[in-house]
There are 4 protein chains.
Amino acid sequence: MDPLSDRPSEGRLRARLHKIIFGVKTPAGKAFDVCLLCAILLSVLVVLLESVPTIREQYGLALRIAEWFFTILFTIEYGLRLWTVRHVRTYALSFFGIVDLLAILPTYLSAFVMGPQSLAAVRTIRLLRVFRVLKLVRHLREAYGLMEALRASRPKIVVFLTGVISIAIIFGTVMYLVEGDDAGFTSIPTSIYWAVVTMTTVGYGDIAPQTPLGQLLALVLMILGYAIIAVPTGIVSAEIVRGERAISSRACPHCGRKGHEPDAKYCRVCGIRLQVAT
Amino acid sequence: MDPLSDRPSEGRLRARLHKIIFGVKTPAGKAFDVCLLCAILLSVLVVLLESVPTIREQYGLALRIAEWFFTILFTIEYGLRLWTVRHVRTYALSFFGIVDLLAILPTYLSAFVMGPQSLAAVRTIRLLRVFRVLKLVRHLREAYGLMEALRASRPKIVVFLTGVISIAIIFGTVMYLVEGDDAGFTSIPTSIYWAVVTMTTVGYGDIAPQTPLGQLLALVLMILGYAIIAVPTGIVSAEIVRGERAISSRACPHCGRKGHEPDAKYCRVCGIRLQVAT
Amino acid sequence: MDPLSDRPSEGRLRARLHKIIFGVKTPAGKAFDVCLLCAILLSVLVVLLESVPTIREQYGLALRIAEWFFTILFTIEYGLRLWTVRHVRTYALSFFGIVDLLAILPTYLSAFVMGPQSLAAVRTIRLLRVFRVLKLVRHLREAYGLMEALRASRPKIVVFLTGVISIAIIFGTVMYLVEGDDAGFTSIPTSIYWAVVTMTTVGYGDIAPQTPLGQLLALVLMILGYAIIAVPTGIVSAEIVRGERAISSRACPHCGRKGHEPDAKYCRVCGIRLQVAT
Amino acid sequence: MDPLSDRPSEGRLRARLHKIIFGVKTPAGKAFDVCLLCAILLSVLVVLLESVPTIREQYGLALRIAEWFFTILFTIEYGLRLWTVRHVRTYALSFFGIVDLLAILPTYLSAFVMGPQSLAAVRTIRLLRVFRVLKLVRHLREAYGLMEALRASRPKIVVFLTGVISIAIIFGTVMYLVEGDDAGFTSIPTSIYWAVVTMTTVGYGDIAPQTPLGQLLALVLMILGYAIIAVPTGIVSAEIVRGERAISSRACPHCGRKGHEPDAKYCRVCGIRLQVAT
């Protein structure tokens with residue numbers, strides 16, 4: 001499959017389809033995007049509804065028909081993408097290429113691997129269809145700014161998570177010692193589970209300390225968790241404030257460096273005079 | 001009903017009433033606002049109390065009288081607003097016009113649609129009176145700044161919500177597979193319900209994972225939810241900081257320096273008088 | 001009781017005691033502060049321990065002795081404050097004067113109002129001693145900056161709270177209609193209680209929706225609560241950032257206005273040249 | 001043990017080992033760090049797994065062998081650190097020296113203090129091995145910035161915690177009075193435990209108010225807790241923003257302008273070359 005077409009008419013069709021499927025600026029491209037968005041949401045809804053026993057019994061056939069309808073739709077979409085894209089291999093191995101394949105594969109697989117001995121496998125495969133929800137990511141252009149902010153604060157988030165897990169391990173071990181089996185702290189992993197449930201302020205209440213000392217330690221852990229939630233918030237806030245500042249500023253005409261302060265007259269890296277911000 | 005009055009005395013009365021009802025600067029306007037505020041709060045309280053069985057039995061008559069008192073009060077208010085407003089249609093179809101109508105309609109409707117066969121309908125209609133609480137919005141002038149900040153960060157909030165829901169769908173499906181019916185994960189929608197309950201750190205505890213793998217996944221979800229709460233917080237913080245900065249962004253007519261505080265009269269760099277912010 | 005002393009030696013003693021009791025710069029003043037802090041914490045601990053049935057039975061006498069010890073101590077402190085303070089009435093009617101009085105009054109009252117018929121009243125009065133914890137506020141000098149930030153963002157916080165309560169009332173009413181008595185939504189106030197428990201992510205789990213529609217609404221409410229926690233956080237963050245900027249800056253020599261930007265050369269209010277920041 | 005070696009070859013070996021063990025820049029140093037990191041994580045996992053009854057029974061021997069393997073590994077590491085470090089005493093008494101000792105001591109102690117009468121003591125000692133997790137802190141170089149931000153906001157955090165605890169004490173006492181024994185509020189400490197559980201939005205649900213007044217107070221406490229979480233978040237956000245600003249605060253030698261970005265080489269206002277930040 002050559003990236004450039006053999007016949008001029010096919011080449012033009014391909015270019016037009018590429019614009020519709022991958023572009024967002026033409027009216028047809030926008031319409032395609034909206035249709036695809038609806039198809040994704042509806043097909044995920046079908047998967048969710050199929051797992052409810054009462055609904056599956058009543059509307060089983062309708063759901064299966066809808067399922068095949070969406071699978072064929074996504075297969076056509078995947079085929080068109082493969083055909084119109086410039087570098088087939090790059091697309092097929094990219095995040096979106098794999099997600100697009102994963103969206104159609106489970107239905108076909110479950111049709112072939114039918115048989116009473118492999119029910120559990122089929123069930124697992126069929127549920128993989130829920131990963132279709134990842135096709136949504138393509139439509140979230142605003143997400144890139146957020147992703148950038150999260151990536152920039154990754155080292156700090158690693159530190160934060162290590163801190164949270166370390167505190168959970170230490171408190172879990174101490175609570176296992178203090179409370180014992182009666183209160184539900186049957187092993188250190190269970191105690192750590194309780195510590196995380198408490199620290200993240202989820203608080204299921206299935207395990208709760210009984211002794212006064214255990215309750216005192218639980219109080220300390222709660223207030224700790226309540227206070228250190230400030231840390232990731234502060235990190236991300238600072239990052240977003242900085243990210244917005246960087247985006248909204250001028251580039252140096254010499255070195256292209258961005259992120260100059262509003263009152264900057266000279267590039268901070270090469271000393272060349274900047275143009276006045278409008 | 002002509003927007004401008006036919007007789008001068010009626011015109012003057014209307015103008016004065018308009019000032020009292022819609023204005024906030026005259027003492028009479030302020031007094032009207034405070035009275036209306038109290039009436040709204042009390043009438044909502046009446047609706048709430050009427051739903052408590054013991055209170056309804058004991059004080060049923062008093063509550064019904066209070067109900068009609070407030071309904072007539074709000075009817076008079078609605079009539080005066082219709083009469084004094086310049087563009088009747090614009091007001092009647094605006095958010096506040098609809099809210100003002102919704103505040104009185106249910107009581108009248110419930111009086112007409114009486115009958116043993118429509119008890120459920122009447123009950124539903126009567127409860128609509130609780131939307132009177134939306135009349136409060138008119139009195140929250142400070143809210144506009146907040147609304148502005150929220151509106152400006154809407155695209156990012158959409159991304160955030162899509163992310164939260166996607167994570168909930170994927171974790172819900174995986175947990176449905178891992179945990180099964182015994183632990184309460186009876187269908188994917190129920191599992192997703194559990195995932196949102198866990199991720200938002202609500203943690204009812206009516207459904208809780210039982211297997212070690214399920215508990216491990218729950219831990220990951222909790223810490224994820226605990227960490228990504230930082231994202232909306234960061235977005236809104238950055239937006240509020242930017243909103244406040246925007247207010248104070250008059251430029252000096254002499255040196256062009258921006259970023260003057262809201263109360264600044266002179267440029268902080270060259271001492272030249274600034275123009276008054278509008 | 002004249003604010004200025006009649007005899008010189010008494011006057012000097014009073015001035016010295018005033019320095020020790022109200023001041024924090026002398027070593028004696030610091031030592032007094034630390035002792036008082038310990039006495040407050042210990043006396044509150046005594047009140048707390050006295051309410052535990054098993055501890056009251058075992059150590060009842062010791063606790064009662066400790067109680068009287070602290071009461072006499074605080075009485076002496078209150079007396080000395082009254083004696084050494086310049087304006088007796090101002091102190092006695094100030095927040096700290098009332099707190100200091102409240103710290104000693106309950107013990108004396110409970111001694112006088114003894115009798116089998118007034119046990120409940122005595123119990124209530126005795127528990128008022130816990131308000132001694134408010135004596136701590138005096139030692140939190142850092143709190144003033146925080147209080148300032150909170151006061152400055154009060155109008156926005158009122159808007160936020162009104163919003164939270166309005167959402168809780170509306171969701172509570174709708175859930176009362178959707179769920180009904182079986183799931184625990186027995187009245188609108190109870191439903192509102194559930195809505196606040198859910199929205200603030202507390203999630204006791206004593207009331208939980210049972211119908212699919214109710215669970216869907218609960219999901220919306222949870223995500224709403226999870227997202228709008230960003231609003232107060234953003235407000236307070238912006239206020240603290242602004243507050244710190246204001247505190248750390250120079251005052252105008254002419255009008256005393258503070259909060260000048262780091263690069264300001266002229267006062268933004270009166271246009272007078274500022275001194276260079278060091 | 002002289003800090004400088006007696007024989008030249010030993011000195012060179014020691015210097016090389018010091019570079020590998022304490023340094024991070026050489027490939028050997030990096031490899032050593034990664035191996036140590038894995039050893040720490042695996043050894044903590046062994047401690048956690050050993051506490052699960054079913055796993056201990058099945059894989060008891062394997063776990064004990066792994067335990068001794070890691071203990072000997074950490075002993076060698078501790079020995080090498082003692083040998084290669086310049087000031088033995090300083091290291092041995094430093095935070096990391098004590099943590100390194102604590103990581104190996106419990107296993108040796110539990111081997112010596114064997115005997116049926118001291119089972120509980122042995123169990124406690126063995127669990128101290130979990131503090132090995134603190135060895136991770138050495139590898140979190142990013143943590144120093146966060147620690148700095150937390151240390152700078154310590155006075156405000158003390159104020160915040162005092163506030164939280166005071167509110168919990170007052171609400172706990174009032175709820176003890178309002179609710180009484182039936183709802184689980186058996187003593188003031190238990191009530192305070194409930195107040196903290198509610199305020200930090202953990203919400204176990206093991207204790208919940210029953211009376212209308214109690215539920216109303218609970219609502220106030222929840223909304224309070226939900227709102228004041230904004231305070232630590234605001235504090236830490238402001239501190240991180242300030243910390244990042246401080247890093248970039250070199251002054252221009254020509255015009256004295258501050259606030260240059262970390263990568264700035266030239267002043268953004270006058271274009272003069274800046275001094276390199278140290």
# chains A, B, ... in the order shown; residues from 1 in each chain; ligands from 1

call {"tool": "interface_residues", "arguments": {"of": "chain D", "to": "chain C", "cutoff": "6 Å", "atoms": "only C-alpha atoms", "output": "number ranges by chain"}}
result
D: 159, 187-188, 201-205, 226, 230, 234, 238

call {"tool": "select_by_dssp", "arguments": {"residues": "stretch 96-194 of chain D", "states": "alpha helix (DSSP H)", "output": "number ranges by chain"}}
result
D: 96-112, 119-127, 143-152, 154-179, 188-194

call {"tool": "atom_distance", "arguments": {"atom1": "atom CA of C:Ile228", "atom2": "atom CA of B:Ala103"}}
result
26.5 Å

call {"tool": "closest_residue", "arguments": {"among": "C:Glu67, C:Asp181, C:Glu77, C:Glu57", "to": "C:Ser110", "atoms": "only C-alpha atoms"}}
result
C:Glu67

call {"tool": "atom_distance", "arguments": {"atom1": "atom CA of B:Gly60", "atom2": "atom CA of B:Ser43"}}
result
14.4 Å

call {"tool": "residues_around", "arguments": {"residues": "B:Ile72", "least_positions_apart": "2", "cutoff": "12 Å", "atoms": "only C-alpha atoms", "output": "ChimeraX atom specification"}}
result
/B:39,43,65-70,74-79,103-105,107-108

call {"tool": "closest_residue", "arguments": {"among": "B:Val99, B:Leu93, B:Val46, B:Ile21", "to": "B:Val34", "atoms": "only C-alpha atoms"}}
result
B:Ile21

call {"tool": "closest_residue", "arguments": {"among": "C:Gly29, C:Gly163, C:Pro155, C:Pro209", "to": "C:Gly180", "atoms": "only C-alpha atoms"}}
result
C:Pro209

call {"tool": "atom_distance", "arguments": {"atom1": "atom CA of A:His18", "atom2": "atom CA of A:Arg81"}}
result
7.6 Å

call {"tool": "residues_around", "arguments": {"residues": "B:Ser191", "least_positions_apart": "5", "cutoff": "9 Å", "atoms": "only C-alpha atoms", "output": "PDB file with N, CA and C atoms, in the first residue's frame"}}
result
ATOM      1  N   ALA B 168     -13.378   6.048  35.851  1.00  0.00           N
ATOM      2  CA  ALA B 168     -14.411   5.315  36.593  1.00  0.00           C
ATOM      3  C   ALA B 168     -14.939   4.150  35.768  1.00  0.00           C
ATOM      4  N   ILE B 169     -15.149   4.352  34.447  1.00  0.00           N
ATOM      5  CA  ILE B 169     -15.671   3.276  33.595  1.00  0.00           C
ATOM      6  C   ILE B 169     -14.659   2.130  33.501  1.00  0.00           C
ATOM      7  N   PHE B 171     -12.016   1.417  35.569  1.00  0.00           N
ATOM      8  CA  PHE B 171     -11.839   0.744  36.852  1.00  0.00           C
ATOM      9  C   PHE B 171     -13.086  -0.060  37.221  1.00  0.00           C
ATOM     10  N   GLY B 172     -14.268   0.494  36.925  1.00  0.00           N
ATOM     11  CA  GLY B 172     -15.507  -0.215  37.236  1.00  0.00           C
ATOM     12  C   GLY B 172     -15.565  -1.548  36.509  1.00  0.00           C
ATOM     13  N   THR B 173     -15.211  -1.535  35.211  1.00  0.00           N
ATOM     14  CA  THR B 173     -15.248  -2.772  34.428  1.00  0.00           C
ATOM     15  C   THR B 173     -14.250  -3.794  34.970  1.00  0.00           C
ATOM     16  N   VAL B 174     -13.025  -3.327  35.253  1.00  0.00           N
ATOM     17  CA  VAL B 174     -11.995  -4.244  35.759  1.00  0.00           C
ATOM     18  C   VAL B 174     -12.425  -4.823  37.107  1.00  0.00           C
ATOM     19  N   MET B 175     -12.980  -3.987  37.985  1.00  0.00           N
ATOM     20  CA  MET B 175     -13.402  -4.465  39.305  1.00  0.00           C
ATOM     21  C   MET B 175     -14.554  -5.462  39.184  1.00  0.00           C
ATOM     22  N   TYR B 176     -15.436  -5.237  38.209  1.00  0.00           N
ATOM     23  CA  TYR B 176     -16.549  -6.164  37.974  1.00  0.00           C
ATOM     24  C   TYR B 176     -16.001  -7.532  37.617  1.00  0.00           C
ATOM     25  N   GLY B 184     -20.690  -7.495  45.882  1.00  0.00           N
ATOM     26  CA  GLY B 184     -21.635  -6.428  45.584  1.00  0.00           C
ATOM     27  C   GLY B 184     -21.444  -5.816  44.208  1.00  0.00           C
ATOM     28  N   PHE B 185     -20.423  -6.268  43.479  1.00  0.00           N
ATOM     29  CA  PHE B 185     -20.187  -5.733  42.141  1.00  0.00           C
ATOM     30  C   PHE B 185     -21.044  -6.530  41.142  1.00  0.00           C
ATOM     31  N   THR B 186     -22.370  -6.301  41.170  1.00  0.00           N
ATOM     32  CA  THR B 186     -23.291  -7.162  40.421  1.00  0.00           C
ATOM     33  C   THR B 186     -23.378  -6.828  38.936  1.00  0.00           C
ATOM     34  N   VAL B 196     -16.866   5.637  41.286  1.00  0.00           N
ATOM     35  CA  VAL B 196     -17.022   7.073  41.510  1.00  0.00           C
ATOM     36  C   VAL B 196     -17.077   7.358  43.012  1.00  0.00           C
ATOM     37  N   ILE B 207     -20.589  -0.998  49.221  1.00  0.00           N
ATOM     38  CA  ILE B 207     -19.881  -1.966  48.379  1.00  0.00           C
ATOM     39  C   ILE B 207     -18.396  -1.786  48.676  1.00  0.00           C
TER      40      ILE B 207
END

call {"tool": "decode", "arguments": {"residues": "stretch 10-160 of chain C", "atoms": "C-alpha atoms", "output": "PDB file, in the first residue's frame"}}
result
ATOM      1  CA  GLU C  10       2.422  48.911  93.631  1.00  0.00           C
ATOM      2  CA  GLY C  11       2.533  50.706  90.302  1.00  0.00           C
ATOM      3  CA  ARG C  12       5.908  49.231  89.498  1.00  0.00           C
ATOM      4  CA  LEU C  13       4.784  45.716  90.440  1.00  0.00           C
ATOM      5  CA  ARG C  14       1.690  46.150  88.283  1.00  0.00           C
ATOM      6  CA  ALA C  15       3.700  47.352  85.298  1.00  0.00           C
ATOM      7  CA  ARG C  16       6.080  44.408  85.691  1.00  0.00           C
ATOM      8  CA  LEU C  17       3.229  41.926  85.986  1.00  0.00           C
ATOM      9  CA  HIS C  18       1.539  43.487  82.937  1.00  0.00           C
ATOM     10  CA  LYS C  19       4.731  42.920  80.958  1.00  0.00           C
ATOM     11  CA  ILE C  20       4.889  39.294  82.061  1.00  0.00           C
ATOM     12  CA  ILE C  21       1.213  38.503  81.515  1.00  0.00           C
ATOM     13  CA  PHE C  22       0.473  40.408  78.323  1.00  0.00           C
ATOM     14  CA  GLY C  23       3.968  40.688  76.813  1.00  0.00           C
ATOM     15  CA  VAL C  24       5.887  38.036  74.919  1.00  0.00           C
ATOM     16  CA  LYS C  25       9.326  39.600  74.580  1.00  0.00           C
ATOM     17  CA  THR C  26      10.793  39.189  78.063  1.00  0.00           C
ATOM     18  CA  PRO C  27      12.005  35.738  79.198  1.00  0.00           C
ATOM     19  CA  ALA C  28       9.510  35.853  82.076  1.00  0.00           C
ATOM     20  CA  GLY C  29       6.695  36.652  79.635  1.00  0.00           C
ATOM     21  CA  LYS C  30       7.670  33.719  77.457  1.00  0.00           C
ATOM     22  CA  ALA C  31       7.858  31.360  80.430  1.00  0.00           C
ATOM     23  CA  PHE C  32       4.436  32.561  81.595  1.00  0.00           C
ATOM     24  CA  ASP C  33       3.028  31.905  78.119  1.00  0.00           C
ATOM     25  CA  VAL C  34       4.428  28.371  77.985  1.00  0.00           C
ATOM     26  CA  CYS C  35       3.103  27.552  81.483  1.00  0.00           C
ATOM     27  CA  LEU C  36      -0.331  28.921  80.603  1.00  0.00           C
ATOM     28  CA  LEU C  37      -0.361  26.942  77.368  1.00  0.00           C
ATOM     29  CA  CYS C  38       0.377  23.710  79.259  1.00  0.00           C
ATOM     30  CA  ALA C  39      -2.257  24.530  81.891  1.00  0.00           C
ATOM     31  CA  ILE C  40      -4.891  25.108  79.171  1.00  0.00           C
ATOM     32  CA  LEU C  41      -4.090  21.859  77.378  1.00  0.00           C
ATOM     33  CA  LEU C  42      -4.009  19.829  80.604  1.00  0.00           C
ATOM     34  CA  SER C  43      -7.253  21.326  81.922  1.00  0.00           C
ATOM     35  CA  VAL C  44      -9.052  20.536  78.656  1.00  0.00           C
ATOM     36  CA  LEU C  45      -7.645  17.007  78.854  1.00  0.00           C
ATOM     37  CA  VAL C  46      -9.116  16.693  82.371  1.00  0.00           C
ATOM     38  CA  VAL C  47     -12.574  17.667  81.063  1.00  0.00           C
ATOM     39  CA  LEU C  48     -12.306  15.148  78.235  1.00  0.00           C
ATOM     40  CA  LEU C  49     -11.127  12.309  80.478  1.00  0.00           C
ATOM     41  CA  GLU C  50     -13.832  13.017  83.066  1.00  0.00           C
ATOM     42  CA  SER C  51     -16.492  12.177  80.464  1.00  0.00           C
ATOM     43  CA  VAL C  52     -15.172   8.644  79.932  1.00  0.00           C
ATOM     44  CA  PRO C  53     -17.193   6.413  82.321  1.00  0.00           C
ATOM     45  CA  THR C  54     -14.382   3.956  83.151  1.00  0.00           C
ATOM     46  CA  ILE C  55     -11.843   6.699  83.830  1.00  0.00           C
ATOM     47  CA  ARG C  56     -14.317   8.749  85.902  1.00  0.00           C
ATOM     48  CA  GLU C  57     -14.976   5.782  88.157  1.00  0.00           C
ATOM     49  CA  GLN C  58     -11.315   4.977  88.698  1.00  0.00           C
ATOM     50  CA  TYR C  59      -9.685   8.401  88.883  1.00  0.00           C
ATOM     51  CA  GLY C  60     -12.718  10.539  89.807  1.00  0.00           C
ATOM     52  CA  LEU C  61     -11.133  12.133  92.866  1.00  0.00           C
ATOM     53  CA  ALA C  62      -7.818  12.912  91.141  1.00  0.00           C
ATOM     54  CA  LEU C  63      -9.650  14.518  88.235  1.00  0.00           C
ATOM     55  CA  ARG C  64     -11.774  16.638  90.543  1.00  0.00           C
ATOM     56  CA  ILE C  65      -8.679  17.830  92.410  1.00  0.00           C
ATOM     57  CA  ALA C  66      -6.937  18.637  89.114  1.00  0.00           C
ATOM     58  CA  GLU C  67     -10.067  20.468  88.008  1.00  0.00           C
ATOM     59  CA  TRP C  68     -10.066  22.705  91.094  1.00  0.00           C
ATOM     60  CA  PHE C  69      -6.325  23.251  90.785  1.00  0.00           C
ATOM     61  CA  PHE C  70      -6.707  24.565  87.226  1.00  0.00           C
ATOM     62  CA  THR C  71      -9.794  26.595  88.113  1.00  0.00           C
ATOM     63  CA  ILE C  72      -7.936  28.367  90.925  1.00  0.00           C
ATOM     64  CA  LEU C  73      -4.955  28.886  88.621  1.00  0.00           C
ATOM     65  CA  PHE C  74      -7.135  30.454  85.933  1.00  0.00           C
ATOM     66  CA  THR C  75      -8.940  32.518  88.585  1.00  0.00           C
ATOM     67  CA  ILE C  76      -5.600  33.954  89.729  1.00  0.00           C
ATOM     68  CA  GLU C  77      -4.681  34.606  86.093  1.00  0.00           C
ATOM     69  CA  TYR C  78      -8.041  36.332  85.483  1.00  0.00           C
ATOM     70  CA  GLY C  79      -7.617  38.418  88.638  1.00  0.00           C
ATOM     71  CA  LEU C  80      -4.090  39.481  87.691  1.00  0.00           C
ATOM     72  CA  ARG C  81      -5.230  40.397  84.205  1.00  0.00           C
ATOM     73  CA  LEU C  82      -8.070  42.502  85.632  1.00  0.00           C
ATOM     74  CA  TRP C  83      -5.633  44.187  88.048  1.00  0.00           C
ATOM     75  CA  THR C  84      -2.805  44.911  85.610  1.00  0.00           C
ATOM     76  CA  VAL C  85      -4.793  45.838  82.527  1.00  0.00           C
ATOM     77  CA  ARG C  86      -5.123  49.514  81.741  1.00  0.00           C
ATOM     78  CA  HIS C  87      -8.819  49.598  80.773  1.00  0.00           C
ATOM     79  CA  VAL C  88     -10.635  47.061  82.927  1.00  0.00           C
ATOM     80  CA  ARG C  89     -13.988  47.351  81.177  1.00  0.00           C
ATOM     81  CA  THR C  90     -12.501  47.051  77.673  1.00  0.00           C
ATOM     82  CA  TYR C  91     -10.675  43.858  78.660  1.00  0.00           C
ATOM     83  CA  ALA C  92     -13.624  42.381  80.538  1.00  0.00           C
ATOM     84  CA  LEU C  93     -15.926  42.845  77.534  1.00  0.00           C
ATOM     85  CA  SER C  94     -13.348  41.821  74.920  1.00  0.00           C
ATOM     86  CA  PHE C  95     -13.348  38.366  73.319  1.00  0.00           C
ATOM     87  CA  PHE C  96     -10.433  37.217  75.477  1.00  0.00           C
ATOM     88  CA  GLY C  97     -11.951  38.692  78.655  1.00  0.00           C
ATOM     89  CA  ILE C  98     -15.134  36.707  78.135  1.00  0.00           C
ATOM     90  CA  VAL C  99     -13.216  33.547  77.277  1.00  0.00           C
ATOM     91  CA  ASP C 100     -11.092  33.942  80.416  1.00  0.00           C
ATOM     92  CA  LEU C 101     -14.254  34.333  82.510  1.00  0.00           C
ATOM     93  CA  LEU C 102     -15.947  31.377  80.806  1.00  0.00           C
ATOM     94  CA  ALA C 103     -12.904  29.267  81.673  1.00  0.00           C
ATOM     95  CA  ILE C 104     -13.526  29.602  85.422  1.00  0.00           C
ATOM     96  CA  LEU C 105     -17.258  30.249  85.799  1.00  0.00           C
ATOM     97  CA  PRO C 106     -18.590  26.704  85.099  1.00  0.00           C
ATOM     98  CA  THR C 107     -16.631  25.069  87.929  1.00  0.00           C
ATOM     99  CA  TYR C 108     -17.885  27.613  90.503  1.00  0.00           C
ATOM    100  CA  LEU C 109     -21.436  27.434  89.155  1.00  0.00           C
ATOM    101  CA  SER C 110     -21.495  23.624  89.288  1.00  0.00           C
ATOM    102  CA  ALA C 111     -20.391  23.793  92.925  1.00  0.00           C
ATOM    103  CA  PHE C 112     -23.291  26.066  93.860  1.00  0.00           C
ATOM    104  CA  VAL C 113     -26.078  24.555  91.719  1.00  0.00           C
ATOM    105  CA  MET C 114     -25.669  21.146  93.339  1.00  0.00           C
ATOM    106  CA  GLY C 115     -28.758  19.063  93.838  1.00  0.00           C
ATOM    107  CA  PRO C 116     -30.378  15.924  92.442  1.00  0.00           C
ATOM    108  CA  GLN C 117     -33.054  17.794  90.481  1.00  0.00           C
ATOM    109  CA  SER C 118     -30.552  19.797  88.414  1.00  0.00           C
ATOM    110  CA  LEU C 119     -28.155  17.063  87.322  1.00  0.00           C
ATOM    111  CA  ALA C 120     -28.614  17.712  83.609  1.00  0.00           C
ATOM    112  CA  ALA C 121     -28.051  21.446  84.077  1.00  0.00           C
ATOM    113  CA  VAL C 122     -24.886  20.824  86.116  1.00  0.00           C
ATOM    114  CA  ARG C 123     -23.635  18.416  83.462  1.00  0.00           C
ATOM    115  CA  THR C 124     -24.189  20.979  80.724  1.00  0.00           C
ATOM    116  CA  ILE C 125     -22.532  23.740  82.755  1.00  0.00           C
ATOM    117  CA  ARG C 126     -19.526  21.556  83.557  1.00  0.00           C
ATOM    118  CA  LEU C 127     -18.999  20.777  79.895  1.00  0.00           C
ATOM    119  CA  LEU C 128     -18.806  24.486  79.100  1.00  0.00           C
ATOM    120  CA  ARG C 129     -15.322  24.263  80.618  1.00  0.00           C
ATOM    121  CA  VAL C 130     -14.215  22.848  77.293  1.00  0.00           C
ATOM    122  CA  PHE C 131     -14.425  26.348  75.851  1.00  0.00           C
ATOM    123  CA  ARG C 132     -11.143  26.913  77.679  1.00  0.00           C
ATOM    124  CA  VAL C 133      -9.648  25.726  74.427  1.00  0.00           C
ATOM    125  CA  LEU C 134     -10.456  29.186  73.055  1.00  0.00           C
ATOM    126  CA  LYS C 135      -7.810  30.598  75.426  1.00  0.00           C
ATOM    127  CA  LEU C 136      -5.336  29.071  72.973  1.00  0.00           C
ATOM    128  CA  VAL C 137      -6.326  31.628  70.331  1.00  0.00           C
ATOM    129  CA  ARG C 138      -4.349  34.275  72.218  1.00  0.00           C
ATOM    130  CA  HIS C 139      -1.141  32.350  71.564  1.00  0.00           C
ATOM    131  CA  LEU C 140      -1.657  32.005  67.837  1.00  0.00           C
ATOM    132  CA  ARG C 141      -0.123  35.191  66.568  1.00  0.00           C
ATOM    133  CA  GLU C 142       0.272  33.675  63.099  1.00  0.00           C
ATOM    134  CA  ALA C 143      -3.508  33.328  62.958  1.00  0.00           C
ATOM    135  CA  TYR C 144      -4.072  37.012  62.267  1.00  0.00           C
ATOM    136  CA  GLY C 145      -2.749  36.742  58.685  1.00  0.00           C
ATOM    137  CA  LEU C 146      -4.991  33.760  58.029  1.00  0.00           C
ATOM    138  CA  MET C 147      -7.981  35.508  59.607  1.00  0.00           C
ATOM    139  CA  GLU C 148      -7.301  38.506  57.382  1.00  0.00           C
ATOM    140  CA  ALA C 149      -7.266  36.282  54.275  1.00  0.00           C
ATOM    141  CA  LEU C 150     -10.505  34.609  55.356  1.00  0.00           C
ATOM    142  CA  ARG C 151     -12.189  37.935  56.138  1.00  0.00           C
ATOM    143  CA  ALA C 152     -11.179  39.367  52.765  1.00  0.00           C
ATOM    144  CA  SER C 153     -12.684  36.395  50.956  1.00  0.00           C
ATOM    145  CA  ARG C 154     -15.859  36.378  53.084  1.00  0.00           C
ATOM    146  CA  PRO C 155     -18.274  37.618  50.388  1.00  0.00           C
ATOM    147  CA  LYS C 156     -17.051  34.914  48.019  1.00  0.00           C
ATOM    148  CA  ILE C 157     -17.321  32.279  50.748  1.00  0.00           C
ATOM    149  CA  VAL C 158     -20.936  33.351  51.440  1.00  0.00           C
ATOM    150  CA  VAL C 159     -21.689  32.871  47.737  1.00  0.00           C
ATOM    151  CA  PHE C 160     -19.996  29.469  47.821  1.00  0.00           C
TER     152      PHE C 160
END
